[in-house]
file query.cif (mmCIF, C-alpha atoms)
data_target
#
loop_
_atom_site.label_atom_id
_atom_site.label_comp_id
_atom_site.auth_asym_id
_atom_site.auth_seq_id
_atom_site.Cartn_x
_atom_site.Cartn_y
_atom_site.Cartn_z
CA VAL A 1 187.45 -149.60 15.32
CA PRO A 2 185.34 -152.50 16.69
CA ASP A 3 187.51 -154.93 14.72
CA GLN A 4 190.66 -153.33 16.14
CA ILE A 5 189.31 -153.59 19.67
CA GLU A 6 188.40 -157.25 19.15
CA ALA A 7 191.85 -158.00 17.76
CA LEU A 8 193.50 -156.25 20.71
CA VAL A 9 191.42 -158.15 23.25
CA ARG A 10 192.19 -161.45 21.54
CA SER A 11 195.90 -160.64 21.52
CA TRP A 12 195.76 -159.76 25.23
CA GLU A 13 193.88 -162.90 26.16
CA ALA A 14 196.18 -165.12 24.09
CA ARG A 15 199.40 -163.60 25.47
CA ASP A 16 202.34 -165.75 26.47
CA ALA A 17 202.56 -164.67 30.10
CA ASP A 18 206.12 -165.91 30.57
CA ALA A 19 207.36 -164.09 27.47
CA TRP A 20 205.57 -160.87 28.39
CA LYS A 21 207.12 -160.87 31.85
CA ARG A 22 210.49 -160.54 30.14
CA ASP A 23 209.42 -157.71 27.80
CA ALA A 24 207.85 -154.53 29.18
CA GLY A 25 207.22 -153.34 25.63
CA CYS A 26 204.47 -155.94 25.16
CA TYR A 27 202.49 -154.48 28.03
CA LEU A 28 203.16 -150.88 27.02
CA SER A 29 202.19 -151.27 23.36
CA HIS A 30 198.93 -153.05 24.20
CA ALA A 31 198.00 -150.49 26.86
CA GLN A 32 198.73 -147.61 24.49
CA GLN A 33 196.53 -149.21 21.85
CA ALA A 34 193.74 -149.74 24.37
CA ILE A 35 193.81 -146.08 25.35
CA ALA A 36 193.88 -144.96 21.72
CA LEU A 37 190.84 -147.16 21.02
CA GLY A 38 188.90 -145.72 23.95
CA ARG A 39 189.26 -148.70 26.28
CA PRO A 40 190.96 -147.24 29.39
CA VAL A 41 189.74 -150.01 31.73
CA LEU A 42 191.44 -152.61 29.56
CA ALA A 43 194.56 -150.44 29.50
CA PHE A 44 194.58 -150.27 33.29
CA ASP A 45 194.18 -154.05 33.58
CA ILE A 46 197.13 -154.52 31.23
CA MET A 47 199.26 -152.09 33.22
CA ASP A 48 198.20 -153.66 36.50
CA GLU A 49 199.67 -156.97 35.41
CA GLY A 50 202.64 -155.24 33.84
CA LEU A 51 203.53 -153.50 37.08
CA GLN A 52 203.51 -156.82 38.88
CA ALA A 53 206.19 -158.00 36.46
CA PHE A 54 208.04 -154.64 36.36
CA PRO A 55 207.44 -152.93 39.72
CA GLY A 56 207.98 -149.19 39.71
CA HIS A 57 208.23 -148.93 35.89
CA HIS A 58 207.77 -145.22 35.19
CA ASP A 59 206.03 -145.48 31.81
CA MET A 60 203.65 -148.11 33.14
CA ARG A 61 202.79 -145.97 36.14
CA TYR A 62 202.06 -143.01 33.87
CA LEU A 63 199.88 -145.07 31.54
CA SER A 64 198.04 -146.49 34.56
CA ALA A 65 197.31 -142.95 35.74
CA LEU A 66 196.22 -141.91 32.25
CA ALA A 67 193.89 -144.91 32.00
CA LEU A 68 192.41 -144.14 35.42
CA ALA A 69 191.88 -140.48 34.49
CA LYS A 70 190.16 -141.43 31.24
CA SER A 71 187.90 -143.88 33.06
CA GLY A 72 186.88 -141.26 35.64
CA SER A 73 188.96 -142.45 38.60
CA THR A 74 190.75 -139.13 38.94
CA GLY A 75 191.49 -139.43 42.65
CA HIS A 76 193.40 -142.66 42.16
CA ALA A 77 195.09 -141.22 39.06
CA ARG A 78 196.21 -138.16 41.00
CA ARG A 79 197.75 -140.26 43.75
CA MET A 80 199.70 -142.27 41.19
CA LEU A 81 200.93 -139.12 39.47
CA ASP A 82 201.93 -137.47 42.76
CA ALA A 83 204.09 -140.50 43.57
CA LEU A 84 205.58 -140.60 40.07
CA LEU A 85 206.43 -136.89 40.09
CA CYS A 86 208.29 -137.36 43.38
CA ASP A 87 210.45 -140.17 42.01
CA ARG A 88 214.01 -139.58 40.91
CA GLY A 89 215.14 -140.64 37.47
CA VAL A 90 211.89 -140.03 35.60
CA ALA A 91 212.71 -139.22 31.97
CA PRO A 92 212.23 -135.49 31.22
CA GLN A 93 209.59 -136.04 28.53
CA LEU A 94 207.61 -138.42 30.75
CA PHE A 95 207.89 -135.97 33.66
CA VAL A 96 206.35 -133.25 31.48
CA GLN A 97 203.57 -135.60 30.36
CA ALA A 98 202.82 -136.48 33.98
CA LEU A 99 202.77 -132.81 34.97
CA SER A 100 200.39 -132.02 32.10
CA LEU A 101 198.08 -134.87 33.06
CA ALA A 102 198.10 -133.71 36.68
CA GLY A 103 197.23 -130.23 35.43
CA ARG A 104 194.35 -131.60 33.40
CA ILE A 105 192.96 -133.53 36.38
CA ALA A 106 193.11 -130.43 38.56
CA LYS A 107 191.45 -128.43 35.76
CA ASP A 108 188.64 -130.98 35.54
CA HIS A 109 188.13 -130.85 39.30
CA TRP A 110 188.14 -127.02 39.17
CA SER A 111 185.47 -127.01 36.47
CA ARG A 112 183.09 -129.13 38.54
CA LEU A 113 183.46 -127.42 41.90
CA PRO A 114 181.33 -124.51 43.17
CA GLU A 115 182.97 -121.17 43.94
CA GLY A 116 185.09 -121.35 47.07
CA PRO A 117 188.54 -122.16 48.48
CA GLU A 118 188.65 -125.72 47.14
CA ARG A 119 187.85 -124.60 43.58
CA ALA A 120 190.44 -121.82 43.81
CA ALA A 121 193.08 -124.29 45.04
CA GLU A 122 192.39 -126.70 42.18
CA GLY A 123 192.61 -123.88 39.65
CA GLU A 124 195.93 -122.67 41.00
CA GLN A 125 197.32 -126.18 41.08
CA SER A 126 196.33 -126.73 37.46
CA ARG A 127 197.85 -123.40 36.41
CA ARG A 128 201.14 -124.11 38.19
CA GLN A 129 201.46 -127.64 36.84
CA TYR A 130 200.77 -126.62 33.25
CA GLN A 131 203.12 -123.69 33.57
CA ARG A 132 205.93 -125.82 34.97
CA ALA A 133 205.42 -128.36 32.18
CA TYR A 134 205.67 -125.55 29.64
CA GLU A 135 208.78 -124.10 31.25
CA LEU A 136 210.49 -127.50 31.20
CA SER A 137 209.50 -128.50 27.69
CA GLY A 138 208.60 -125.41 25.67
CA ASP A 139 205.73 -127.49 24.25
CA TYR A 140 202.71 -125.52 23.09
CA PHE A 141 200.17 -127.95 24.62
CA PRO A 142 200.93 -127.23 28.29
CA GLY A 143 201.70 -123.65 27.24
CA VAL A 144 198.22 -122.84 25.95
CA ASN A 145 196.65 -124.66 28.89
CA ALA A 146 198.79 -122.64 31.29
CA ALA A 147 197.58 -119.48 29.53
CA THR A 148 193.94 -120.55 29.76
CA MET A 149 194.15 -121.49 33.43
CA SER A 150 196.02 -118.26 34.19
CA LEU A 151 193.15 -116.26 32.71
CA LEU A 152 190.50 -118.34 34.49
CA THR A 153 192.24 -117.94 37.84
CA GLY A 154 192.64 -114.17 37.60
CA HIS A 155 196.16 -113.83 36.18
CA ALA A 156 195.21 -111.92 33.03
CA GLU A 157 198.61 -110.35 32.34
CA GLU A 158 200.40 -113.65 32.72
CA ALA A 159 197.78 -115.31 30.48
CA ALA A 160 198.32 -112.77 27.72
CA GLY A 161 202.09 -113.19 27.86
CA LEU A 162 201.85 -116.96 27.62
CA ALA A 163 199.27 -116.76 24.83
CA ARG A 164 201.55 -114.49 22.78
CA GLU A 165 204.47 -116.90 23.24
CA VAL A 166 202.35 -119.88 22.19
CA LEU A 167 200.91 -117.98 19.22
CA LYS A 168 204.39 -117.15 17.94
CA GLN A 169 205.56 -120.72 18.49
CA CYS A 170 202.60 -122.26 16.66
CA LEU A 171 202.84 -119.85 13.72
CA SER A 172 206.46 -120.94 13.33
CA GLY A 173 205.46 -124.60 13.52
CA LEU A 174 202.76 -124.08 10.92
CA LYS A 175 205.40 -123.18 8.34
CA LYS A 176 206.61 -126.77 8.52
CA ASN A 177 203.18 -128.42 8.73
CA ALA A 178 200.30 -126.27 7.52
CA ASP A 179 197.76 -129.08 8.02
CA ASP A 180 198.52 -129.81 11.67
CA GLY A 181 195.08 -129.71 13.29
CA TRP A 182 196.46 -129.43 16.82
CA LEU A 183 198.59 -126.43 15.91
CA LEU A 184 195.62 -124.77 14.21
CA ALA A 185 193.33 -125.40 17.17
CA THR A 186 195.96 -124.07 19.56
CA LEU A 187 196.26 -120.92 17.45
CA GLY A 188 192.50 -120.58 17.79
CA GLU A 189 192.67 -120.86 21.57
CA ALA A 190 195.65 -118.50 21.88
CA SER A 191 193.93 -115.91 19.67
CA LEU A 192 190.79 -116.19 21.76
CA LEU A 193 192.78 -115.58 24.94
CA LEU A 194 194.19 -112.44 23.33
CA GLY A 195 190.73 -111.20 22.42
CA SER A 196 191.15 -111.71 18.65
CA MET A 197 187.74 -113.26 18.07
CA GLN A 198 187.72 -113.26 14.26
CA GLU A 199 191.23 -114.68 14.03
CA SER A 200 190.28 -117.33 16.57
CA ALA A 201 187.23 -118.36 14.54
CA ASP A 202 189.34 -118.53 11.38
CA TRP A 203 191.94 -120.76 13.04
CA TYR A 204 189.28 -123.06 14.46
CA ARG A 205 187.65 -123.40 11.03
CA GLN A 206 190.99 -124.38 9.55
CA ALA A 207 191.51 -126.88 12.39
CA VAL A 208 188.15 -128.53 11.65
CA THR A 209 189.00 -128.71 7.94
CA ALA A 210 192.40 -130.25 8.71
CA ALA A 211 190.86 -132.79 11.08
CA SER A 212 188.20 -133.81 8.57
CA GLY A 213 190.91 -134.58 6.06
CA HIS A 214 192.18 -137.37 8.29
CA PHE A 215 188.89 -139.29 8.28
#
call {"tool": "encode", "arguments": {"input": "query.cif", "output": "structure tokens"}}
result
Amino acid sequence: VPDQIEALVRSWEARDADAWKRDAGCYLSHAQQAIALGRPVLAFDIMDEGLQAFPGHHDMRYLSALALAKSGSTGHARRMLDALLCDRGVAPQLFVQALSLAGRIAKDHWSRLPEGPERAAEGEQSRRQYQRAYELSGDYFPGVNAATMSLLTGHAEEAAGLAREVLKQCLSGLKKNADDGWLLATLGEASLLLGSMQESADWYRQAVTAASGHF
């Protein structure tokens, strides 16, 4: 990984600025790599320049918000996401990703706040954003997070219904890819939400085994 980071930084520093200003993909690919390598500040710097060349670019704005969130600047990230989610013409998949990220930021805020109205508001916001992302996409990631936040905010019946849907969906997906660590971990979380402790532990063990096979 250090070698990959060094190579990325060198590529960024040696960029042909004029050529990059004609190709948004150069900025996007480098920012995505920076985030994947755990360098969100570098990713934000790349997107900051990219947005000067391509103002309003939806993918760049999302990656900027993601980089900010990963670097701890969640307030700034939230403002960027709020603006992006209000824009017309955002691609459906990107809209869902932005909703899920907004849900995660609200969830993080909820987890750090003391009991009270502000914590309750953050929890509800997270639940609603994850649930909307799930309704729009049918993707299990926002689905299981919607279930978790529903349970944590006092919507137990809704949480159980969502968890059952996600469980069924992931079991179906597992038939096509039995070594998918994310699917296995999601099955563990969904089972836990449904009170199936032993099944949850079994799924999580399988998820760890699957993940270890990739390293």
call {"tool": "resolve_selection", "arguments": {"input": "query.cif", "expression": "the PyMOL selection byres ((chain A and resi 107) around 10)", "output": "ChimeraX atom specification"}}
result
/A:101-106,108-112,119,122-127,130,145,149
call {"tool": "closest_residue", "arguments": {"input": "query.cif", "among": "A:Ala83, A:Ala14, A:Val96, A:Ile35", "to": "Leu68 (chain A)", "atoms": "all atoms listed in the file"}}
result
A:Ile35
call {"tool": "atom_distance", "arguments": {"input": "query.cif", "atom1": "CA of Gly181 (chain A)", "atom2": "CA of Ser64 (chain A)"}}
result
27.3 Å
call {"tool": "resolve_selection", "arguments": {"input": "query.cif", "expression": "the PyMOL selection byres ((chain A and resi 16-22) around 10)", "output": "number ranges by chain"}}
result
A: 11-15, 23-27, 49-54
call {"tool": "resolve_selection", "arguments": {"input": "query.cif", "expression": "the PyMOL selection byres ((chain A and resi 43) around 9)", "output": "list in words"}}
result
Leu28, His30, Ala31, Gln32, Gln33, Ala34, Ile35, Arg39, Pro40, Val41, Leu42, Phe44, Asp45, Ile46, Met47, Asp48, Leu63, Ser64, Ala67 and Leu68 of chain A
call {"tool": "atom_distance", "arguments": {"input": "query.cif", "atom1": "CA of Glu189 (chain A)", "atom2": "CA of Ala133 (chain A)"}}
result
18.2 Å
call {"tool": "atom_distance", "arguments": {"input": "query.cif", "atom1": "CA of Arg205 (chain A)", "atom2": "CA of Gln129 (chain A)"}}
result
29.6 Å
call {"tool": "axis_aligned_box", "arguments": {"input": "query.cif", "around": "region 194-205 of chain A", "padding_each_side": "4 Å", "output": "lines of an AutoDock Vina configuration file"}}
result
center_x = 190.7
center_y = -117.3
center_z = 17.2
size_x = 15.0
size_y = 20.2
size_z = 20.3
call {"tool": "closest_residue", "arguments": {"input": "query.cif", "among": "A:Val144, A:Leu194, A:Leu187, A:Ala160", "to": "Ser172 (chain A)", "atoms": "only C-alpha atoms"}}
result
A:Leu187
call {"tool": "closest_residue", "arguments": {"input": "query.cif", "among": "A:Leu37, A:Ser29, A:Thr209, A:Gly75", "to": "Glu6 (chain A)", "atoms": "all atoms listed in the file"}}
result
A:Leu37
call {"tool": "residues_near_point", "arguments": {"input": "query.cif", "point": "(198.7, -138.8, 41.4)", "cutoff": "10 Å", "atoms": "all atoms listed in the file", "output": "ChimeraX atom specification"}}
result
/A:61-62,65-66,69,74-86,98-99,101-102,105
call {"tool": "closest_residue", "arguments": {"input": "query.cif", "among": "A:Met197, A:Ala207, A:Ala147, A:Cys170", "to": "Ala185 (chain A)", "atoms": "only C-alpha atoms"}}
result
A:Ala207
call {"tool": "closest_residue", "arguments": {"input": "query.cif", "among": "A:Gly116, A:Trp182, A:Ala91, A:Ala163", "to": "Ser137 (chain A)", "atoms": "all atoms listed in the file"}}
result
A:Ala91
call {"tool": "residues_around", "arguments": {"input": "query.cif", "residues": "Leu162 (chain A)", "least_positions_apart": "4", "cutoff": "7 Å", "atoms": "all atoms listed in the file", "output": "count of residues only"}}
result
4
call {"tool": "residues_around", "arguments": {"input": "query.cif", "residues": "Leu184 (chain A)", "least_positions_apart": "3", "cutoff": "10 Å", "atoms": "only C-alpha atoms", "output": "PyMOL selection string"}}
result
chain A and resi 167+170-171+173-174+178-181+187-190+200+202-211
call {"tool": "residues_around", "arguments": {"input": "query.cif", "residues": "Val90 (chain A)", "least_positions_apart": "4", "cutoff": "7 Å", "atoms": "all atoms listed in the file", "output": "ChimeraX atom specification"}}
result
/A:58,94-95
call {"tool": "closest_residue", "arguments": {"input": "query.cif", "among": "A:Ala121, A:Leu136, A:Leu113, A:Leu151", "to": "Pro92 (chain A)", "atoms": "all atoms listed in the file"}}
result
A:Leu136
